[in-house]
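Participant: Supplied in structure tokens, the structure appears directly below.
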Amino acid sequence: MRLLRRLWRASIWHPEAIPADEWKFRNLKRVWLPLYDCIAIYAGIQAMLYGSTLLNRLFPPEWVDSLGLLFTFVATVALLGVAFPRLYAVEIAGKVVLVGLVAGYVAAIIFFSRSPEPNTFVVGMLAFGLPLAMFRLNLLGEEMKERRQAQLGVA
């Protein structure tokens, strides 16, 4: 029980987790970012279970399964970083790799697809989710800069 209390206190959902000057970001941190990572976890699981019609045409099934497993793992790492703010470096690592995987998927569709019709809708749908992850990386970078300045005593 003590462990559960400690986890609750360390989580983004604890009432004291978000400072008053960041209150406007509470729904971003408590709802939208975790939901983003949960959707990514779901997508990775679906890739493992069913593959991807586009990727299945381009790569062996084992590669697609491995990509799904990697995507699931990386999204879970990112979710842990979102859920527990002290793990911000873990979130950064997860989000960077997640963005890279999605960008790689987009690049694979654009450069390797031999389909007579362009898959631009799929490319657009994949790219549609990238700005939120990149915005979060930007926020995390700003928070890191503020932490360093505070440690150095710079205003």
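Residues are named by chain letter and number: chains run A, B, ... in the order of the structure tokens, numbers start at 1 in each chain, and ligands are numbered from 1 in the order shown.
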Per residue of region 102-146 of chain A within 10 Å of region 51-55 of chain A, which atom pair is closest and at what distance in Å (one decimal), using only C-alpha atoms, listed by chain and increasing number, as a tab-separated table?
Facilitator:
residue	atom	partner	partner_atom	distance
A:Tyr105	CA	A:Leu55	CA	8.3
A:Ala108	CA	A:Leu55	CA	8.1
A:Ile109	CA	A:Leu54	CA	7.3
A:Phe112	CA	A:Leu55	CA	9.6
A:Ser113	CA	A:Leu54	CA	7.6
A:Arg114	CA	A:Leu54	CA	9.9
A:Ser115	CA	A:Leu54	CA	9.1
A:Asn119	CA	A:Leu54	CA	8.9
A:Val122	CA	A:Leu54	CA	9.4
Participant: Measuring between only C-alpha atoms, which one of A:Ile45, A:Leu3, A:Ile110, A:Ala133 shows the shortest distance to Leu98 (chain A)?
Facilitator: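 Answer, going by the shortest atom-to-atom distance: A:Ala133.
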Participant: Select, from A:Leu80, A:Met1, A:Leu132, A:Val96, the residue with the minimum atom-to-atom distance to Trp32 (chain A), counting only C-alpha atoms.
Facilitator: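 Checking each of A:Leu80, A:Met1, A:Leu132, A:Val96 against Trp32 (chain A), counting only C-alpha atoms, the winner is A:Leu132.
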Participant: With a distance cut-off of 9 Å and only C-alpha atoms, select the neighbouring residues of Ala75 (chain A), excluding the residue or stretch itself and same-chain residues fewer than 3 positions from it, and output the selection as a ChimeraX atom specification.
Facilitator: /A:36-41,44,70-72,78-80,94-95,97-98
Participant: Of the residues A:Ala43, A:Met144, A:Val77, A:Ala103, which is the one nearest to Pro131 (chain A), using only C-alpha atoms?
Facilitator: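 Going through A:Ala43, A:Met144, A:Val77, A:Ala103 one by one, the smallest distance to Pro131 (chain A) is for A:Ala103.
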Participant: Here is a test: counting only C-alpha atoms, which residue of A:Leu7, A:Ala93, A:Ala150, A:Ala47 is nearest to Gly81 (chain A)?
Facilitator: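 The shortest atom-to-atom distance to Gly81 (chain A) comes from A:Ala93.
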